[in-house]
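Undergrad: Sending over work.cif (mmCIF, C-alpha atoms).
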data_entry
loop_
_atom_site.label_atom_id
_atom_site.label_comp_id
_atom_site.auth_asym_id
_atom_site.auth_seq_id
_atom_site.Cartn_x
_atom_site.Cartn_y
_atom_site.Cartn_z
CA MET A 1 52.84 -61.49 53.83
CA ILE A 2 54.68 -58.54 55.06
CA THR A 3 52.65 -55.41 55.72
CA ARG A 4 54.24 -52.07 54.91
CA ASP A 5 53.15 -48.93 56.74
CA ARG A 6 52.98 -46.03 54.42
CA ALA A 7 52.51 -42.65 56.01
CA ARG A 8 50.22 -40.24 54.28
CA ALA A 9 51.48 -36.67 54.41
CA ARG A 10 49.51 -33.59 53.40
CA ARG A 11 51.11 -30.22 53.14
CA LEU A 12 49.01 -27.10 52.50
CA SER A 13 50.87 -24.12 51.17
CA LEU A 14 48.86 -20.87 50.99
CA ALA A 15 50.44 -17.93 49.21
CA MET A 16 48.60 -14.69 49.71
CA ALA A 17 48.92 -12.32 46.78
CA VAL A 18 49.65 -8.70 47.17
CA LEU A 19 46.68 -6.41 46.85
CA ILE A 20 47.63 -3.81 44.34
CA THR A 21 45.66 -0.60 44.36
CA GLY A 22 46.38 2.16 41.84
CA VAL A 23 44.87 5.66 41.99
CA GLY A 24 45.48 8.01 39.06
CA ILE A 25 44.97 11.77 39.11
CA VAL A 26 44.73 13.12 35.60
CA ALA A 27 44.73 16.82 34.78
CA LEU A 28 42.26 17.36 31.98
CA SER A 29 43.00 20.83 30.59
CA GLY A 30 40.53 22.70 28.51
CA PRO A 31 38.85 25.95 28.29
CA SER A 32 35.75 25.65 30.42
CA GLU A 33 35.15 29.32 31.15
CA ALA A 34 37.80 31.73 29.93
CA ASP A 35 38.95 34.39 32.37
CA VAL A 36 39.04 37.87 30.86
CA THR A 37 42.39 39.40 31.84
CA GLU A 38 42.12 42.70 29.93
CA VAL A 39 39.39 44.73 28.27
CA GLU A 40 39.59 47.17 25.39
CA GLY A 41 36.86 49.75 24.96
CA SER A 42 36.59 53.23 23.44
CA ALA A 43 34.11 55.52 21.70
CA PHE A 44 33.95 58.93 20.07
CA GLY A 45 31.26 61.09 18.50
CA CYS A 46 32.81 62.63 15.36
CA TYR A 47 36.17 62.96 13.60
CA SER A 48 37.59 64.05 10.26
CA SER A 49 40.90 64.25 8.44
CA VAL A 50 40.57 66.09 5.11
CA SER A 51 42.93 67.61 2.61
CA LEU A 52 41.68 70.41 0.32
CA PHE A 53 43.22 71.09 -3.10
CA GLY A 54 46.16 68.78 -2.36
CA GLY A 55 47.19 70.60 0.81
CA PRO A 56 48.02 69.04 4.19
CA ALA A 57 45.26 67.19 5.96
CA GLY A 58 43.32 69.13 8.54
CA VAL A 59 42.18 67.07 11.54
CA ARG A 60 39.02 67.78 13.55
CA GLY A 61 38.30 65.77 16.68
CA PRO A 62 37.76 63.17 17.76
CA LEU A 63 35.16 64.50 20.18
CA PRO A 64 33.83 63.66 22.65
CA THR A 65 35.88 60.59 23.61
CA ALA A 66 35.73 57.79 26.18
CA THR A 67 38.46 55.22 26.81
CA LEU A 68 38.33 52.19 29.10
CA PRO A 69 41.38 51.19 31.20
CA PRO A 70 42.66 47.62 30.49
CA GLY A 71 41.65 46.57 33.99
CA GLY A 72 38.03 47.54 33.45
CA GLY A 73 35.77 50.23 34.85
CA ALA A 74 33.57 52.80 33.15
CA SER A 75 34.09 55.96 31.15
CA GLY A 76 31.72 58.43 29.48
CA ASN A 77 31.67 61.87 27.91
CA THR A 78 29.37 64.32 26.14
CA ALA A 79 29.52 67.25 23.77
CA ALA A 80 26.88 69.81 22.88
CA GLU A 81 27.49 69.61 19.13
CA CYS A 82 29.84 68.55 16.36
CA ARG A 83 30.96 70.81 13.50
CA LEU A 84 33.41 69.51 10.91
CA VAL A 85 34.02 72.59 8.76
CA TYR A 86 36.82 73.33 6.29
CA GLY A 87 36.69 76.95 5.16
CA PRO A 88 33.44 77.46 3.35
CA ALA A 89 32.80 73.74 3.14
CA ILE A 90 30.56 72.33 5.88
CA LEU A 91 31.05 68.56 5.84
CA PHE A 92 29.19 67.44 8.98
CA THR A 93 27.19 68.94 11.85
CA SER A 94 25.12 67.41 14.64
CA GLY A 95 23.41 68.11 17.91
CA PRO A 96 24.39 66.59 21.30
CA LEU A 97 26.79 63.63 21.37
CA VAL A 98 27.07 61.00 24.13
CA VAL A 99 29.74 58.26 24.33
CA THR A 100 30.26 55.54 26.96
CA THR A 101 32.38 52.46 27.52
CA GLU A 102 32.44 50.05 30.44
CA GLY A 103 33.86 46.61 31.15
CA THR A 104 34.98 44.06 33.72
CA THR A 105 37.71 41.42 33.89
CA GLY A 106 37.71 37.95 35.42
CA PRO A 107 35.30 35.04 34.78
CA GLY A 108 32.43 36.25 32.60
CA GLY A 109 34.20 39.56 31.91
CA SER A 110 33.01 41.74 29.04
CA VAL A 111 33.08 45.23 27.56
CA THR A 112 30.36 47.38 25.95
CA SER A 113 30.84 50.69 24.14
CA THR A 114 28.15 53.05 22.78
CA ALA A 115 27.96 56.30 20.83
CA SER A 116 24.93 58.37 19.92
CA LEU A 117 24.42 61.76 18.26
CA GLY A 118 21.70 63.76 16.61
CA PRO A 119 20.12 65.39 14.91
CA VAL A 120 22.54 65.23 11.97
CA ASN A 121 22.85 68.03 9.36
CA THR A 122 21.89 70.95 11.51
CA SER A 123 23.41 73.18 8.82
CA GLY A 124 21.12 71.86 6.09
CA GLN A 125 24.03 71.77 3.62
CA GLU A 126 25.28 68.19 3.97
CA VAL A 127 24.68 65.04 1.97
CA PHE A 128 23.65 62.95 5.04
CA THR A 129 20.67 63.78 7.22
CA ALA A 130 19.26 61.84 10.22
CA THR A 131 17.18 62.35 13.32
CA ASP A 132 19.52 60.16 15.37
CA VAL A 133 22.61 58.01 14.80
CA SER A 134 23.94 55.42 17.26
CA SER A 135 26.34 52.49 17.36
CA THR A 136 27.19 49.85 19.94
CA CYS A 137 29.45 46.83 20.40
CA THR A 138 29.93 44.14 23.03
CA ALA A 139 32.86 41.75 23.52
CA SER A 140 33.31 38.78 25.86
CA GLU A 141 35.22 35.50 25.92
CA SER A 142 32.56 34.03 23.61
CA GLY A 143 32.93 36.64 20.87
CA VAL A 144 32.26 40.22 19.79
CA ILE A 145 29.24 41.80 18.08
CA GLY A 146 28.33 45.27 16.86
CA SER A 147 25.39 47.16 15.36
CA THR A 148 24.23 50.56 14.12
CA THR A 149 20.89 52.33 14.25
CA ILE A 150 19.99 55.17 11.86
CA THR A 151 16.71 56.95 12.58
CA GLY A 152 15.19 59.01 9.77
CA GLY A 153 18.30 58.73 7.62
CA THR A 154 18.64 59.94 4.01
CA LEU A 155 21.65 60.37 1.71
CA ILE A 156 21.97 62.55 -1.38
CA VAL A 157 23.97 60.48 -3.85
CA SER A 158 23.65 63.00 -6.70
CA GLU A 159 22.96 66.74 -6.80
CA GLY A 160 21.79 66.63 -10.37
CA ASP A 161 21.99 69.87 -12.27
CA PRO A 162 23.34 72.55 -9.92
CA ASP A 163 21.10 75.09 -11.61
CA VAL A 164 17.95 73.03 -11.14
CA GLU A 165 16.19 72.68 -7.79
CA GLY A 166 14.75 69.37 -6.72
CA ASP A 167 16.48 67.02 -9.17
CA GLU A 168 18.68 65.43 -6.52
CA THR A 169 18.88 61.64 -6.11
CA ILE A 170 18.15 60.72 -2.51
CA VAL A 171 18.23 57.26 -0.90
CA THR A 172 16.69 56.24 2.41
CA ILE A 173 19.07 54.59 4.87
CA PRO A 174 17.74 51.44 6.62
CA THR A 175 17.09 51.82 10.33
CA ASN A 176 19.35 48.85 11.02
CA PRO A 177 21.75 48.68 8.09
CA ALA A 178 23.62 45.48 7.48
CA PRO A 179 27.34 45.57 8.21
CA ASN A 180 29.23 47.66 5.66
CA THR A 181 26.19 48.98 3.77
CA THR A 182 27.75 51.17 1.05
CA TYR A 183 26.54 53.94 -1.28
CA ASN A 184 28.55 55.79 -3.93
CA GLY A 185 27.76 59.40 -4.79
CA VAL A 186 28.90 62.53 -6.62
CA ILE A 187 28.81 66.23 -5.86
CA GLU A 188 28.34 67.75 -9.26
CA GLY A 189 28.84 71.33 -8.07
CA VAL A 190 32.53 70.77 -7.37
CA GLY A 191 33.07 67.62 -9.42
CA ASP A 192 33.93 65.42 -6.40
CA SER A 193 32.89 61.85 -5.64
CA PHE A 194 32.44 60.02 -2.34
CA ARG A 195 31.60 56.66 -0.79
CA ALA A 196 29.37 56.44 2.29
CA VAL A 197 29.46 53.32 4.48
CA PHE A 198 26.89 52.71 7.25
CA ASN A 199 27.45 50.24 10.07
CA GLU A 200 31.04 49.80 8.96
CA GLN A 201 32.59 46.92 10.89
CA VAL A 202 36.32 46.23 10.97
CA VAL A 203 37.96 43.35 12.83
CA ASN A 204 41.30 44.59 14.15
CA PRO A 205 44.51 42.51 14.29
CA ASP A 206 44.10 41.96 18.05
CA GLY A 207 40.60 40.55 17.55
CA SER A 208 38.74 43.64 18.72
CA LEU A 209 35.92 45.12 16.64
CA THR A 210 35.55 48.69 15.41
CA VAL A 211 32.07 49.88 14.41
CA ASN A 212 31.57 53.20 12.58
CA ALA A 213 27.94 54.24 12.39
CA TYR A 214 28.74 56.51 9.42
CA HIS A 215 32.01 56.69 7.49
CA LEU A 216 32.26 59.13 4.58
CA TYR A 217 35.22 58.59 2.24
CA LEU A 218 35.97 61.79 0.31
CA LEU A 219 37.56 60.68 -2.97
CA GLY A 220 38.40 64.11 -4.46
CA PRO A 221 39.74 65.57 -6.46
CA THR A 222 38.97 68.69 -4.42
CA ALA A 223 38.46 67.16 -1.00
CA VAL A 224 40.27 63.94 -0.03
CA GLY A 225 40.03 62.28 3.36
CA ASP A 226 37.75 60.64 5.92
CA LEU A 227 34.81 61.66 8.08
CA ILE A 228 33.55 59.34 10.83
CA ALA A 229 30.51 59.70 13.10
CA GLY A 230 29.68 57.37 16.00
CA GLN A 231 32.69 55.09 16.42
CA VAL A 232 32.87 52.35 19.08
CA VAL A 233 35.57 49.74 19.79
CA CYS A 234 35.26 46.54 21.87
CA GLY A 235 37.69 43.73 22.64
CA VAL A 236 38.85 41.40 25.42
CA THR A 237 41.94 39.37 26.19
CA ALA A 238 40.89 36.02 27.65
CA THR A 239 42.96 33.21 29.18
CA PRO A 240 41.39 29.71 29.24
CA THR A 241 41.03 28.22 32.73
CA THR A 242 42.27 24.70 33.59
CA THR A 243 40.05 22.11 35.23
CA THR A 244 41.61 19.19 37.14
CA THR A 245 39.54 16.00 37.28
CA VAL A 246 40.34 12.97 39.44
CA ALA A 247 40.07 9.82 37.36
CA PRO A 248 38.22 6.75 38.78
CA THR A 249 40.24 4.51 41.09
CA THR A 250 41.34 1.16 39.59
CA THR A 251 41.84 -1.78 41.98
CA THR A 252 43.43 -5.08 40.91
CA THR A 253 43.17 -8.03 43.33
CA VAL A 254 45.05 -11.30 42.83
CA ALA A 255 43.24 -14.27 44.45
CA PRO A 256 45.16 -16.55 46.89
CA THR A 257 46.89 -19.60 45.39
CA THR A 258 46.57 -22.98 47.14
CA THR A 259 49.06 -25.82 46.54
CA THR A 260 48.38 -29.30 47.92
CA THR A 261 50.97 -32.12 47.98
CA VAL A 262 49.78 -35.65 48.76
CA ALA A 263 52.06 -38.54 49.73
CA PRO A 264 51.78 -41.69 47.56
CA GLY A 265 49.11 -44.25 48.43
CA PRO A 266 49.37 -48.06 48.65
CA LEU A 267 51.17 -50.06 46.00
CA PRO A 268 49.81 -53.11 44.15
CA THR A 269 50.99 -56.56 45.20
CA ARG A 270 48.99 -58.64 42.68
CA LYS A 271 48.70 -58.38 38.91
CA ASP A 272 44.92 -58.67 39.00
CA GLN A 273 44.85 -55.38 40.93
CA CYS A 274 46.13 -53.66 37.78
CA LYS A 275 43.33 -54.94 35.55
CA LYS A 276 40.04 -53.28 34.59
CA GLY A 277 41.44 -49.81 35.19
CA GLY A 278 42.74 -50.69 38.63
CA TYR A 279 46.18 -49.35 37.70
CA ALA A 280 44.80 -45.80 38.04
CA ASN A 281 44.08 -46.37 41.74
CA PHE A 282 47.83 -46.73 42.25
CA GLY A 283 48.88 -43.72 40.15
CA PHE A 284 50.09 -45.58 37.04
CA LYS A 285 49.43 -44.30 33.53
CA ASN A 286 48.47 -47.68 32.12
CA GLN A 287 47.99 -51.35 33.02
CA GLY A 288 51.37 -52.40 31.61
CA GLN A 289 53.30 -50.13 34.00
CA CYS A 290 51.31 -51.49 36.93
CA VAL A 291 51.82 -55.21 35.99
CA SER A 292 55.53 -54.64 35.35
CA PHE A 293 55.88 -53.04 38.79
CA VAL A 294 54.22 -56.08 40.49
CA ALA A 295 56.45 -58.47 38.52
CA ARG A 296 59.62 -56.70 39.59
CA SER A 297 58.45 -56.69 43.18
CA ILE A 298 57.81 -60.43 43.09
CA ASN A 299 61.30 -60.98 41.65
CA GLY A 300 62.81 -59.03 44.55
CA GLN A 301 64.19 -56.16 42.46
CA ASN A 302 64.94 -52.80 44.03
CA VAL A 303 63.32 -50.21 41.77
CA ALA A 304 62.53 -46.55 41.70
CA SER A 305 58.85 -45.86 41.79
CA THR A 306 57.66 -45.63 38.22
CA ARG A 307 54.33 -44.43 39.44
CA ASP A 308 55.78 -41.35 41.14
CA ALA A 309 58.07 -40.60 38.24
CA ASN A 310 55.03 -40.30 35.97
CA SER A 311 52.37 -38.97 38.29
CA GLY A 312 53.56 -35.37 38.49
CA GLY A 313 52.21 -35.46 42.07
CA GLY A 314 53.58 -32.09 42.95
CA GLY A 315 55.67 -31.70 46.05
CA LEU A 316 56.56 -34.96 47.70
CA VAL A 317 58.34 -37.50 45.48
CA LEU A 318 59.10 -41.05 46.58
CA ILE A 319 62.77 -41.29 45.79
CA ALA A 320 63.08 -45.06 45.97
CA VAL A 321 61.09 -48.00 47.05
CA VAL A 322 63.14 -50.91 48.21
CA LEU A 323 61.13 -53.94 47.78
CA GLY A 324 62.31 -57.39 48.73
CA LEU A 325 60.45 -60.48 49.30
CA LEU A 326 62.06 -62.43 52.08
CA ALA A 327 62.14 -66.12 51.46
CA VAL A 328 60.37 -67.94 54.18
CA ALA A 329 61.99 -71.24 54.86
CA ARG A 330 59.56 -73.88 55.77
CA PRO A 331 60.76 -76.76 57.95
CA ARG A 332 61.31 -79.91 56.07
CA ARG A 333 59.41 -82.92 57.22
CA GLY A 334 61.36 -86.03 57.76
#
The structure in this file should be written as structure tokens.
TA:
Amino acid sequence: MITRDRARARRLSLAMAVLITGVGIVALSGPSEADVTEVEGSAFGCYSSVSLFGGPAGVRGPLPTATLPPGGGASGNTAAECRLVYGPAILFTSGPLVVTTEGTTGPGGSVTSTASLGPVNTSGQEVFTATDVSSTCTASESGVIGSTTITGGTLIVSEGDPDVEGDETIVTIPTNPAPNTTYNGVIEGVGDSFRAVFNEQVVNPDGSLTVNAYHLYLLGPTAVGDLIAGQVVCGVTATPTTTTTVAPTTTTTVAPTTTTTVAPGPLPTRKDQCKKGGYANFGFKNQGQCVSFVARSINGQNVASTRDANSGGGGLVLIAVVLGLLAVARPRRG
């Protein structure tokens, strides 16, 4: 029996993967706190523009006035009294007037304007009377609000019979009138009508707010025009700030790959080695392949290794196995 030395070879191939690390910086833009870049603020005490008998409008005021620069700051003014008089007609009079406006730009910027005057109707001949009248407004990047306070306010909405004393219709004005509280009235002595609006609030096209503590619309026919007492204006121009946030780091790691190639083991030399599952010990798929291989070997055929062709052993393939059984001549006995 001839013994064949079969070398066992083992090759270990280790491929290290590349470690891939990705860091993303994402700019998340949104208005966190808006920066106020400009402020708008103003106030005045009294003003009128009235036409009598169809003539040109006569303008009185505004006085006193205060105007805030766009970059912010503070402004204020006062006047000893207000008298809006057209010939013999006394439309509005008051005592001292005070107006202010102040504001700042930048983060958290805002503007506040105020106007106060009183007493109102110092002449005793007007339809509106009050101890004190004031208005205020405030604007910031979060919005704008305004309000009016009327202390001791009354309004004559009808004179009644001009020849009869004490038959007037008088309404009491709320201390804190709701926005745009309106009353309609008539002056029977001259046949004119009017509309009085308290806490008049108007949102302007630029988003600013105008608050008129008292706005008298003269509807004629004798006197036509407007009379305003205690006007304030507030507004801001705000630019949203941008916040940059660094997103979490994402790391992807590919594990090392190991490949092992093993040289073929011993080959069967007897058919009984293929039985009872023995064929698997030699790398054959079934018993028939194993028995056929032994038979060819006994017959001295040179064959390619069927086992290696089917094993998928990965790496080292036995190209050919040359098997030959050498005939041993035994001496003849004479």
Undergrad: Restricting the calculation to all atoms listed in the file, which member of A:Gln231, A:Ser49, A:Thr149, A:Ala223 is positioned closest to A:Thr67?
TA: A:Gln231
Undergrad: Please expand the PyMOL selection byres ((chain A and resi 127-138) around 6) into the concrete residues it hits in this file, giving the result as a list in words.
TA: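 Written out, the selection comes to Val111, Thr112, Ser113, Thr114, Ala115, Ser116, Leu117, Gly118, Pro119, Val120, Asn121, Glu126, Ala139, Val144, Ile145, Gly146, Ser147, Thr148, Thr149, Ile150, Thr151, Gly152, Gly153, Thr154, Leu155, Ile156, Ala213 and Cys234 of chain A.
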Undergrad: Could you jot down the atom CA of A:Glu81 to atom CA of A:Leu97 separation for me, Å, one decimal place?
TA: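 We find that atom CA of A:Glu81 and atom CA of A:Leu97 lie 6.4 Å from each other.
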Undergrad: Any idea what's packed within 10 Å of A:Val197, counting only C-alpha atoms, ignoring anything in its chain fewer than 4 positions away? Could you give it as an MDAnalysis selection string?
TA: chainID A and resid 177 179:184 201 212:217 228
Undergrad: What is the distance between atom CA of A:Pro96 and atom CA of A:Leu68, in Å to one decimal?
TA: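 Spanning atom CA of A:Pro96 to atom CA of A:Leu68 is a straight-line distance of 21.5 Å.
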Undergrad: Just checking: using all atoms listed in the file, which residue out of A:Ala178, A:Ser140, A:Ala229, A:Asn281 ends up closest to A:Ser94?
TA: A:Ala229
